[in-house]
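Step one of this worksheet: look at the structure below.
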Amino acid sequence: MSKLTPEEIARNLQDRFGADRIELMKGSVGQPWIQLAPEMLPPVALALRDDPAFQFDVLMCLSGLHYDKENELGVVYNLDSTTLRHTINLKVRVPLDHPHIPSLERLWKTANWHEREAFDMVGIIFDNHPDLRRILTPDDWEGHALRKDYVQQDFYQGIPTK
Amino acid sequence: MMELVKTGADNHEMVINMGPQHPSTHGVLRLELVLDGELIKEVRPNIGYLHRCFEKYAEELQDYAKVIPYTDRMDYVSAMNQEHGYVIAIERLLELEVPERVEYARVILVELQRIASHLLGIGAFGLDLGAFSPFLYLFTEREKILDIFEKNSGARLLYNYFAVAGLMRPLQDDFKGDVADFVTSFRPKIKELEDLLSYNRIFVKRTANIGVLPAKVALNYAASGPVLRGSGVAWDLRKNDPYSIYDRFDFDIPVGTGEMGTVGDCWDRYHVRVLEMEQSLRIIEQALEGMPDEGDVMAAIPKRIRPKDGELYVRTESPRGELGYFISSDKSAAPFRIKARAPSFVHLSMLPAISKGALIADVVAIVGSIDIVLGEVDR
Amino acid sequence: MGFLDKKYHDPNIIIVSLESALNWARKNSLWYEQFGLACCAIEMMATAASRYDFDRFGIIPRSSPRQADVMIVAGTVTLKMASRILRLYEQMSEPRYVISMGSCSNCGGPYWEHGYHVLKGVDKVIPVDVYVPGCPPRPEALLEGFLKLQEKITGETVIEDRATAVADRESSATSAGTTGTETPAERDLVPDLQAGGSPVPKTSTGDGAEAADRQDAEVSTRPAGAAGDDAPGPDGAPQDKPKSNPQGGTP
């Protein structure tokens, strides 16, 4: 068991789950990420957590994104292994009109609140989440604030917001 | 302050509302406590009472540099650390070199801020448990650190002092002397604190064996910082994933040992913070020695920051734990998305797990021991 | 300060109006509600702690609104929090005062423009007596805010109700020539809280670099005599008319 590079992790995953739905991508700067189809997420995440070759025991961060040009929503997962000291980023993108992504709450408990936040801010629906409610804004809030086309409501419970 | 919300069909169960205005919730946190008599059956944290739209601001400001003052206001108790994490992220995004003097100055400032933050955290924790005098002594020391910050940055609490690849203003001439004086005067105070609070019998009774967090649960909840180290895991990003110039310094990672009770209880989390202040002093002393006396406080950078496209997640060790910034850039001058991964947010999410079965008064101790800052929880 | 500063020949008897005795007692035991919202709460804690020491003004924290005289709104008020603030205010018993501490609760502060979830000024929800500008205000600034509040309490009367008293005081102040440049029409526009509505002096600008020299401690603890004429801070006094007393400005 040793530290793996993102390329090695991606190759390993492609060997197991098929190369067509798992892709390693990278921007001009920064870190590479593995892009997945949403239905591939639970098995891949389980393998990443429990396989002795990966041992990703910590989900550091989970961010929801709104790709307005492509009309898509996305989630980025940043995983870390405290034992092997390697990290990997996963990304899942779903169409705006059907924003369903399987929840990872059962694998990493910390995903619970992060997913609620992504639901609140961007409007991604995490299937099988035990308690998918708004977390930062009130329950009767309108809209998802971090969407690029978000329009602020004028009044909240009779109080002007501007 | 407290209010009976409802009683269910089961007579033994009662829901009590704690917060958002409560002296021991460290801000505007609201907890719904489901009780069976005095015992906690369930805790449901409600947050968002201080949601100040940081991530929206980060996108709307159209400029990476303008976000820095807003990072201050996330964790207002350790503003320097927030800025540090953010400017490191931007520097990696732009692949910039930072002048040597700046790196050393930043480390000194950040470690001072870590001490200041722990002083406030410990003081408030003692206050929650009824120990008023440590709070006053610790704030006296904290004011000395704030004086150093104020002298150099001009502000007491929210500094806006770190710039991308530099510092906003040059350091004062006697910066090194001030810091050295503080280090000398502060070291005996840690001993004083140990005598005053750590081994106080009432304090030990209130914290030992309370809110035990096993290491495995802590990792599954992605705990970090003193909370994770209190559970006996020697995990410190300054050592395990070194950023800035932390690989040049020699320091230890204090971990919880269960000295007064069980590994991972409130007392361990508290004591890790006390020991960490000593380690911070060691880092500061080494940094003072290594810091060049002359040099730029600002590297040459383009006037308008315009990174290439890409994504990165940068994490640093803030006083509360792993502070991460996920930044997605799309080549324009405006960030496409900045998400702040706040340690307090993560730590608060495990409150239901560790306070089950405790007494109502213990919830106060547990919330105090994980040392949350609501500005960071809600962002 | 008050009647106790005068020299009396007889040690046991002081002749003083009941009103000023009551006001003297009230203004020197301002119990504030221990209720921090955000960054300003840390400065509020610092003000209460060893160096700045609120206690010497008789200002101590109370954890329950029912026992508090004054509420310090220390920090950003979000929309989720607004209804709770109103509720806490309603739980306080009269006479009650509100100090709005920091730019966020004055007017939204740095979250003014894109802060979709931030209330743009706590005075949209509850009436405010003293505004303290700064982001965050220094402890000295908060102390100055309290001195302003004391000044306001000194001028209050317990016999009449507050609204009439404030209106009376305002008209007498005008006839005495202290705000002599105003026409009656202009006076109607001025908020009723003559002393309290004005911000603290320009020395308390929080982030400002001038804080480096420690002069402002000296400046802001001077007797707050005619400080109502001081230049407004960077925020300026919010122009909204406080809602406590809609008929206040009418002579």
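Residues in the structure tokens are numbered from 1 in each chain, the chains being A, B, ... in the order shown, and ligands are numbered from 1 in the order shown.
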Within 6 Å of stretch 96-113 of chain A, counting only C-alpha atoms, which residues qualify if same-chain residues fewer than 5 places away don't, as a list of chain:residue names?
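Here the qualifying residues turn out to be A:Pro38, A:Asn71, A:Glu72, A:Leu73, A:Ile124, A:Ile125, A:Phe126, A:Asp127, A:Asn128, A:His129, B:Asn220, B:Tyr221.
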Restricted to all heavy atoms, what would the selected residues look like written as a compact mmCIF listing (two decimals), in the first residue's frame?
# COMPACT_ATOMS: atom_id res chain seq x y z
N PRO A 38 -23.59 9.93 -12.37
CA PRO A 38 -24.15 9.89 -11.02
C PRO A 38 -24.40 8.48 -10.51
O PRO A 38 -24.21 8.20 -9.33
CB PRO A 38 -25.45 10.69 -11.13
CG PRO A 38 -25.57 11.13 -12.53
CD PRO A 38 -24.33 10.83 -13.25
N ASN A 71 -26.10 24.51 -18.50
CA ASN A 71 -27.37 24.16 -17.88
C ASN A 71 -27.25 22.90 -17.03
O ASN A 71 -28.08 21.99 -17.14
CB ASN A 71 -28.44 23.97 -18.95
CG ASN A 71 -29.60 24.91 -18.70
OD1 ASN A 71 -29.68 25.51 -17.62
ND2 ASN A 71 -30.48 25.03 -19.66
N GLU A 72 -26.23 22.86 -16.22
CA GLU A 72 -26.01 21.68 -15.41
C GLU A 72 -25.70 22.08 -13.98
O GLU A 72 -25.27 23.19 -13.71
CB GLU A 72 -24.83 20.87 -15.96
CG GLU A 72 -25.17 20.06 -17.17
CD GLU A 72 -24.00 19.22 -17.65
OE1 GLU A 72 -22.84 19.59 -17.45
OE2 GLU A 72 -24.26 18.18 -18.25
N LEU A 73 -25.90 21.12 -13.09
CA LEU A 73 -25.44 21.28 -11.71
C LEU A 73 -24.35 20.25 -11.47
O LEU A 73 -24.31 19.21 -12.12
CB LEU A 73 -26.59 21.05 -10.72
CG LEU A 73 -27.77 22.00 -10.81
CD1 LEU A 73 -28.83 21.59 -9.80
CD2 LEU A 73 -27.34 23.43 -10.54
N ILE A 124 -29.45 20.83 -5.53
CA ILE A 124 -29.24 19.44 -5.93
C ILE A 124 -30.01 18.54 -4.97
O ILE A 124 -29.98 18.74 -3.75
CB ILE A 124 -27.74 19.08 -5.90
CG1 ILE A 124 -27.01 19.93 -6.93
CG2 ILE A 124 -27.52 17.61 -6.17
CD1 ILE A 124 -25.55 20.01 -6.69
N ILE A 125 -30.70 17.54 -5.52
CA ILE A 125 -31.46 16.64 -4.67
C ILE A 125 -30.65 15.37 -4.48
O ILE A 125 -30.28 14.70 -5.44
CB ILE A 125 -32.83 16.32 -5.30
CG1 ILE A 125 -33.65 17.62 -5.33
CG2 ILE A 125 -33.55 15.26 -4.49
CD1 ILE A 125 -34.80 17.58 -6.27
N PHE A 126 -30.33 15.08 -3.23
CA PHE A 126 -29.53 13.90 -2.92
C PHE A 126 -30.48 12.77 -2.55
O PHE A 126 -31.18 12.83 -1.53
CB PHE A 126 -28.56 14.21 -1.78
CG PHE A 126 -27.47 15.16 -2.18
CD1 PHE A 126 -27.63 16.53 -2.02
CD2 PHE A 126 -26.31 14.69 -2.76
CE1 PHE A 126 -26.65 17.41 -2.41
CE2 PHE A 126 -25.31 15.57 -3.14
CZ PHE A 126 -25.49 16.93 -2.98
N ASP A 127 -30.51 11.73 -3.39
CA ASP A 127 -31.41 10.62 -3.14
C ASP A 127 -30.94 9.84 -1.92
O ASP A 127 -29.73 9.67 -1.70
CB ASP A 127 -31.44 9.69 -4.36
CG ASP A 127 -32.01 10.42 -5.57
OD1 ASP A 127 -32.82 11.33 -5.35
OD2 ASP A 127 -31.63 10.10 -6.70
N ASN A 128 -31.91 9.36 -1.15
CA ASN A 128 -31.64 8.55 0.06
C ASN A 128 -30.96 9.33 1.17
O ASN A 128 -30.38 8.76 2.07
CB ASN A 128 -30.79 7.31 -0.26
CG ASN A 128 -31.51 6.37 -1.18
OD1 ASN A 128 -32.72 6.25 -1.11
ND2 ASN A 128 -30.76 5.73 -2.06
N HIS A 129 -31.04 10.64 1.11
CA HIS A 129 -30.52 11.43 2.22
C HIS A 129 -31.53 11.36 3.36
O HIS A 129 -32.73 11.48 3.13
CB HIS A 129 -30.29 12.87 1.78
CG HIS A 129 -29.57 13.71 2.80
ND1 HIS A 129 -30.16 14.15 3.94
CD2 HIS A 129 -28.29 14.15 2.84
CE1 HIS A 129 -29.29 14.84 4.65
NE2 HIS A 129 -28.14 14.85 4.01
N ASN B 220 -14.69 9.70 10.49
CA ASN B 220 -15.84 9.56 9.62
C ASN B 220 -16.60 10.87 9.49
O ASN B 220 -17.18 11.16 8.45
CB ASN B 220 -16.76 8.47 10.16
CG ASN B 220 -17.71 7.96 9.11
OD1 ASN B 220 -18.85 8.38 9.03
ND2 ASN B 220 -17.21 7.08 8.25
N TYR B 221 -16.55 11.68 10.53
CA TYR B 221 -17.17 13.00 10.47
C TYR B 221 -16.20 14.06 9.94
O TYR B 221 -16.51 15.23 9.96
CB TYR B 221 -17.66 13.42 11.86
CG TYR B 221 -19.07 12.98 12.15
CD1 TYR B 221 -19.33 11.87 12.91
CD2 TYR B 221 -20.15 13.70 11.66
CE1 TYR B 221 -20.62 11.47 13.19
CE2 TYR B 221 -21.44 13.31 11.92
CZ TYR B 221 -21.67 12.20 12.68
OH TYR B 221 -22.96 11.81 12.95
Show me a table, sorted first by chain and then by increasing residue number, of the residues of chain C having an atom at most 10 Å from chain A, each with its shortest atom pair and the distance in Å to one decimal, counting only C-alpha atoms and written as JSON lines.
{"residue": "C:Thr78", "atom": "CA", "partner": "A:Thr161", "partner_atom": "CA", "distance": 9.5}
{"residue": "C:Leu79", "atom": "CA", "partner": "A:Tyr156", "partner_atom": "CA", "distance": 7.2}
{"residue": "C:Lys80", "atom": "CA", "partner": "A:Pro138", "partner_atom": "CA", "distance": 6.1}
{"residue": "C:Met81", "atom": "CA", "partner": "A:Pro138", "partner_atom": "CA", "distance": 9.6}
{"residue": "C:Ala82", "atom": "CA", "partner": "A:Ile159", "partner_atom": "CA", "distance": 8.5}
{"residue": "C:Ser83", "atom": "CA", "partner": "A:Gln157", "partner_atom": "CA", "distance": 8.9}
{"residue": "C:Gly108", "atom": "CA", "partner": "A:Lys162", "partner_atom": "CA", "distance": 9.4}
{"residue": "C:Trp112", "atom": "CA", "partner": "A:Lys162", "partner_atom": "CA", "distance": 8.1}
{"residue": "C:Glu113", "atom": "CA", "partner": "A:Lys162", "partner_atom": "CA", "distance": 8.2}
{"residue": "C:His114", "atom": "CA", "partner": "A:Gln152", "partner_atom": "CA", "distance": 9.0}
{"residue": "C:Gly115", "atom": "CA", "partner": "A:Lys162", "partner_atom": "CA", "distance": 8.5}
{"residue": "C:Tyr116", "atom": "CA", "partner": "A:Gln152", "partner_atom": "CA", "distance": 6.0}
{"residue": "C:His117", "atom": "CA", "partner": "A:Thr161", "partner_atom": "CA", "distance": 7.2}
{"residue": "C:Val118", "atom": "CA", "partner": "A:Thr161", "partner_atom": "CA", "distance": 7.1}
{"residue": "C:Leu119", "atom": "CA", "partner": "A:Thr161", "partner_atom": "CA", "distance": 6.0}
{"residue": "C:Lys120", "atom": "CA", "partner": "A:Lys162", "partner_atom": "CA", "distance": 6.5}
{"residue": "C:Gly121", "atom": "CA", "partner": "A:Lys162", "partner_atom": "CA", "distance": 9.9}
{"residue": "C:Lys124", "atom": "CA", "partner": "A:Ile159", "partner_atom": "CA", "distance": 7.7}
{"residue": "C:Val125", "atom": "CA", "partner": "A:Ile159", "partner_atom": "CA", "distance": 7.9}
Keeping only N, CA and C atoms, write the selected residues as a PDB file, in the first residue's frame.
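Printed below is selection19.pdb as written:
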ATOM      1  N   THR C  78     -29.423  38.682  10.440  1.00  0.00           N
ATOM      2  CA  THR C  78     -29.891  38.050   9.215  1.00  0.00           C
ATOM      3  C   THR C  78     -31.410  38.000   9.233  1.00  0.00           C
ATOM      4  N   LEU C  79     -31.956  37.675   8.087  1.00  0.00           N
ATOM      5  CA  LEU C  79     -33.420  37.628   8.008  1.00  0.00           C
ATOM      6  C   LEU C  79     -33.971  36.505   8.866  1.00  0.00           C
ATOM      7  N   LYS C  80     -33.211  35.430   8.980  1.00  0.00           N
ATOM      8  CA  LYS C  80     -33.658  34.327   9.820  1.00  0.00           C
ATOM      9  C   LYS C  80     -33.676  34.750  11.284  1.00  0.00           C
ATOM     10  N   MET C  81     -32.786  35.681  11.626  1.00  0.00           N
ATOM     11  CA  MET C  81     -32.653  36.107  13.020  1.00  0.00           C
ATOM     12  C   MET C  81     -33.590  37.253  13.354  1.00  0.00           C
ATOM     13  N   ALA C  82     -34.077  37.971  12.338  1.00  0.00           N
ATOM     14  CA  ALA C  82     -34.794  39.229  12.577  1.00  0.00           C
ATOM     15  C   ALA C  82     -36.000  39.036  13.477  1.00  0.00           C
ATOM     16  N   SER C  83     -36.778  37.984  13.205  1.00  0.00           N
ATOM     17  CA  SER C  83     -37.983  37.802  14.011  1.00  0.00           C
ATOM     18  C   SER C  83     -37.625  37.463  15.451  1.00  0.00           C
ATOM     19  N   GLY C 108     -26.432  47.219   7.435  1.00  0.00           N
ATOM     20  CA  GLY C 108     -26.061  46.095   6.572  1.00  0.00           C
ATOM     21  C   GLY C 108     -24.565  45.993   6.380  1.00  0.00           C
ATOM     22  N   TRP C 112     -24.076  44.851   2.508  1.00  0.00           N
ATOM     23  CA  TRP C 112     -25.167  45.689   2.064  1.00  0.00           C
ATOM     24  C   TRP C 112     -25.616  45.347   0.643  1.00  0.00           C
ATOM     25  N   GLU C 113     -24.661  45.012  -0.201  1.00  0.00           N
ATOM     26  CA  GLU C 113     -25.013  44.960  -1.622  1.00  0.00           C
ATOM     27  C   GLU C 113     -25.575  43.607  -2.069  1.00  0.00           C
ATOM     28  N   HIS C 114     -24.822  42.546  -1.827  1.00  0.00           N
ATOM     29  CA  HIS C 114     -25.271  41.248  -2.331  1.00  0.00           C
ATOM     30  C   HIS C 114     -25.753  40.332  -1.220  1.00  0.00           C
ATOM     31  N   GLY C 115     -25.865  40.876  -0.021  1.00  0.00           N
ATOM     32  CA  GLY C 115     -26.241  40.009   1.094  1.00  0.00           C
ATOM     33  C   GLY C 115     -27.714  39.695   1.077  1.00  0.00           C
ATOM     34  N   TYR C 116     -28.093  38.675   0.338  1.00  0.00           N
ATOM     35  CA  TYR C 116     -29.511  38.375   0.165  1.00  0.00           C
ATOM     36  C   TYR C 116     -30.169  37.966   1.478  1.00  0.00           C
ATOM     37  N   HIS C 117     -29.363  37.538   2.431  1.00  0.00           N
ATOM     38  CA  HIS C 117     -29.937  36.993   3.662  1.00  0.00           C
ATOM     39  C   HIS C 117     -29.677  37.914   4.856  1.00  0.00           C
ATOM     40  N   VAL C 118     -29.240  39.143   4.574  1.00  0.00           N
ATOM     41  CA  VAL C 118     -28.858  40.041   5.653  1.00  0.00           C
ATOM     42  C   VAL C 118     -29.865  41.181   5.738  1.00  0.00           C
ATOM     43  N   LEU C 119     -30.315  41.450   6.951  1.00  0.00           N
ATOM     44  CA  LEU C 119     -31.231  42.563   7.172  1.00  0.00           C
ATOM     45  C   LEU C 119     -30.444  43.861   7.071  1.00  0.00           C
ATOM     46  N   LYS C 120     -30.924  44.808   6.293  1.00  0.00           N
ATOM     47  CA  LYS C 120     -30.160  46.031   6.051  1.00  0.00           C
ATOM     48  C   LYS C 120     -30.474  47.057   7.128  1.00  0.00           C
ATOM     49  N   GLY C 121     -30.006  46.792   8.294  1.00  0.00           N
ATOM     50  CA  GLY C 121     -30.237  47.716   9.401  1.00  0.00           C
ATOM     51  C   GLY C 121     -31.254  47.155  10.370  1.00  0.00           C
ATOM     52  N   LYS C 124     -34.954  48.436  10.951  1.00  0.00           N
ATOM     53  CA  LYS C 124     -36.141  48.042  10.193  1.00  0.00           C
ATOM     54  C   LYS C 124     -37.045  47.155  11.038  1.00  0.00           C
ATOM     55  N   VAL C 125     -36.521  46.636  12.117  1.00  0.00           N
ATOM     56  CA  VAL C 125     -37.289  45.710  12.939  1.00  0.00           C
ATOM     57  C   VAL C 125     -37.599  46.286  14.322  1.00  0.00           C
TER      58      VAL C 125
END
Can you work out which residues from chain A touch chain B at a cut-off of 7 Å (counting only C-alpha atoms) and hand them back as a list in words?
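Going by the stated atoms only, the list reads Lys26, Gly27, Ser28, Val29, Gly30, Gln31, Asp57, Val58, Leu59, Met60, Cys61, Ser63, Trp108, Lys109, Thr110, Trp113, Ile135, Leu136, Thr137 and Leu146 of chain A.
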Could the residues in this selection be written to a file with all heavy atoms, as a compact mmCIF listing (two decimals), in the first residue's frame?
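The result, stored in selection.txt:
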# COMPACT_ATOMS: atom_id res chain seq x y z
N LYS A 26 -8.58 17.61 -16.15
CA LYS A 26 -7.75 18.60 -15.47
C LYS A 26 -7.86 19.94 -16.18
O LYS A 26 -7.98 20.00 -17.40
CB LYS A 26 -6.29 18.13 -15.47
CG LYS A 26 -5.39 18.93 -14.52
CD LYS A 26 -3.97 18.41 -14.53
CE LYS A 26 -3.10 19.15 -13.52
NZ LYS A 26 -3.13 20.59 -13.58
N GLY A 27 -7.87 21.01 -15.40
CA GLY A 27 -7.84 22.34 -15.99
C GLY A 27 -6.41 22.75 -16.29
O GLY A 27 -5.47 21.96 -16.13
N SER A 28 -6.21 23.99 -16.69
CA SER A 28 -4.85 24.45 -16.98
C SER A 28 -4.02 24.56 -15.72
O SER A 28 -2.81 24.41 -15.76
CB SER A 28 -4.89 25.81 -17.67
OG SER A 28 -5.88 25.80 -18.67
N VAL A 29 -4.68 24.89 -14.60
CA VAL A 29 -3.97 24.92 -13.33
C VAL A 29 -4.74 24.06 -12.34
O VAL A 29 -5.83 23.59 -12.64
CB VAL A 29 -3.85 26.35 -12.76
CG1 VAL A 29 -2.85 27.16 -13.52
CG2 VAL A 29 -5.19 27.01 -12.71
N GLY A 30 -4.17 23.86 -11.18
CA GLY A 30 -4.90 23.20 -10.11
C GLY A 30 -4.80 21.70 -10.15
O GLY A 30 -3.89 21.13 -10.75
N GLN A 31 -5.78 21.10 -9.49
CA GLN A 31 -5.73 19.66 -9.30
C GLN A 31 -6.63 18.95 -10.31
O GLN A 31 -7.65 19.50 -10.73
CB GLN A 31 -6.22 19.33 -7.87
CG GLN A 31 -5.34 19.94 -6.80
CD GLN A 31 -6.10 20.26 -5.53
OE1 GLN A 31 -7.33 20.18 -5.49
NE2 GLN A 31 -5.37 20.63 -4.49
N ASP A 57 -10.41 7.69 3.98
CA ASP A 57 -11.27 7.65 5.16
C ASP A 57 -11.91 9.00 5.49
O ASP A 57 -12.77 9.07 6.35
CB ASP A 57 -10.50 7.13 6.37
CG ASP A 57 -9.15 7.81 6.54
OD1 ASP A 57 -8.82 8.64 5.67
OD2 ASP A 57 -8.44 7.52 7.50
N VAL A 58 -11.50 10.05 4.82
CA VAL A 58 -12.04 11.37 5.14
C VAL A 58 -12.62 12.03 3.89
O VAL A 58 -11.96 12.10 2.87
CB VAL A 58 -10.96 12.28 5.76
CG1 VAL A 58 -11.50 13.68 5.97
CG2 VAL A 58 -10.47 11.72 7.07
N LEU A 59 -13.85 12.50 4.02
CA LEU A 59 -14.43 13.36 2.99
C LEU A 59 -14.21 14.80 3.47
O LEU A 59 -14.88 15.26 4.37
CB LEU A 59 -15.91 13.07 2.81
CG LEU A 59 -16.70 14.03 1.93
CD1 LEU A 59 -16.23 13.96 0.50
CD2 LEU A 59 -18.17 13.74 1.99
N MET A 60 -13.25 15.47 2.84
CA MET A 60 -12.87 16.79 3.35
C MET A 60 -13.94 17.82 3.05
O MET A 60 -14.33 18.62 3.89
CB MET A 60 -11.55 17.24 2.73
CG MET A 60 -10.37 16.40 3.11
SD MET A 60 -8.86 17.10 2.45
CE MET A 60 -9.02 16.72 0.72
N CYS A 61 -14.39 17.82 1.80
CA CYS A 61 -15.27 18.91 1.38
C CYS A 61 -16.20 18.41 0.31
O CYS A 61 -15.88 17.47 -0.44
CB CYS A 61 -14.41 20.07 0.88
SG CYS A 61 -15.35 21.52 0.44
N SER A 63 -18.78 20.36 -2.52
CA SER A 63 -19.25 21.66 -3.00
C SER A 63 -20.25 21.48 -4.13
O SER A 63 -20.00 20.68 -5.03
CB SER A 63 -18.08 22.50 -3.51
OG SER A 63 -16.92 22.23 -2.78
N TRP A 108 -19.77 8.51 4.52
CA TRP A 108 -19.11 9.50 5.36
C TRP A 108 -20.20 10.34 6.02
O TRP A 108 -20.94 11.05 5.32
CB TRP A 108 -18.20 10.41 4.52
CG TRP A 108 -17.03 9.70 3.93
CD1 TRP A 108 -15.90 9.32 4.58
CD2 TRP A 108 -16.86 9.29 2.57
NE1 TRP A 108 -15.04 8.70 3.71
CE2 TRP A 108 -15.60 8.67 2.47
CE3 TRP A 108 -17.66 9.37 1.43
CZ2 TRP A 108 -15.11 8.16 1.28
CZ3 TRP A 108 -17.18 8.86 0.25
CH2 TRP A 108 -15.91 8.26 0.18
N LYS A 109 -20.27 10.28 7.33
CA LYS A 109 -21.34 11.00 8.03
C LYS A 109 -21.27 12.50 7.77
O LYS A 109 -22.27 13.20 7.81
CB LYS A 109 -21.23 10.75 9.53
CG LYS A 109 -21.60 9.36 9.94
CD LYS A 109 -23.10 9.20 10.04
CE LYS A 109 -23.45 7.78 10.45
NZ LYS A 109 -24.78 7.40 9.96
N THR A 110 -20.07 12.98 7.56
CA THR A 110 -19.93 14.42 7.37
C THR A 110 -20.68 14.91 6.13
O THR A 110 -21.01 16.09 6.03
CB THR A 110 -18.44 14.78 7.28
OG1 THR A 110 -18.31 16.18 7.20
CG2 THR A 110 -17.80 14.17 6.07
N TRP A 113 -24.45 17.15 6.40
CA TRP A 113 -24.67 18.60 6.40
C TRP A 113 -24.18 19.24 5.12
O TRP A 113 -24.77 20.19 4.63
CB TRP A 113 -23.97 19.23 7.61
CG TRP A 113 -24.78 19.14 8.85
CD1 TRP A 113 -25.70 18.18 9.14
CD2 TRP A 113 -24.75 20.03 9.95
NE1 TRP A 113 -26.24 18.42 10.37
CE2 TRP A 113 -25.68 19.54 10.90
CE3 TRP A 113 -24.03 21.19 10.24
CZ2 TRP A 113 -25.90 20.19 12.11
CZ3 TRP A 113 -24.25 21.82 11.46
CH2 TRP A 113 -25.18 21.32 12.38
N ILE A 135 -30.60 24.23 5.23
CA ILE A 135 -29.80 24.29 6.45
C ILE A 135 -29.40 25.72 6.81
O ILE A 135 -29.49 26.12 7.96
CB ILE A 135 -28.58 23.36 6.34
CG1 ILE A 135 -27.78 23.30 7.64
CG2 ILE A 135 -27.66 23.76 5.19
CD1 ILE A 135 -26.84 22.16 7.71
N LEU A 136 -29.00 26.51 5.83
CA LEU A 136 -28.55 27.87 6.15
C LEU A 136 -29.68 28.87 6.06
O LEU A 136 -29.89 29.68 6.95
CB LEU A 136 -27.40 28.28 5.22
CG LEU A 136 -26.12 27.45 5.37
CD1 LEU A 136 -25.07 27.92 4.38
CD2 LEU A 136 -25.57 27.54 6.78
N THR A 137 -30.44 28.82 4.99
CA THR A 137 -31.56 29.75 4.85
C THR A 137 -32.78 29.13 5.53
O THR A 137 -32.82 27.93 5.77
CB THR A 137 -31.86 30.01 3.37
OG1 THR A 137 -32.04 28.77 2.72
CG2 THR A 137 -30.73 30.77 2.72
N LEU A 146 -27.07 30.22 -4.67
CA LEU A 146 -25.82 30.21 -5.42
C LEU A 146 -26.01 29.82 -6.88
O LEU A 146 -25.04 29.62 -7.59
CB LEU A 146 -24.80 29.27 -4.76
CG LEU A 146 -24.13 29.88 -3.52
CD1 LEU A 146 -23.13 28.92 -2.94
CD2 LEU A 146 -23.42 31.18 -3.86
Please extract the residues of stretch 5-128 of chain A with a backbone DSSP assignment of helix (DSSP H, G or I) and present them as a VMD selection string.
chain A and resid 6 to 17 38 to 50 111 to 121
Can you measure atom CA of A:Lys91 to atom CA of A:Pro32 for me? One decimal in Å is fine.
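According to the coordinates, atom CA of A:Lys91 and atom CA of A:Pro32 are separated by 10.1 Å.
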Between B:His84, B:Arg44, B:Tyr270, B:Ser231, which has the minimum distance to B:Gly368 (counting only C-alpha atoms)?
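Closest candidate: B:Tyr270.
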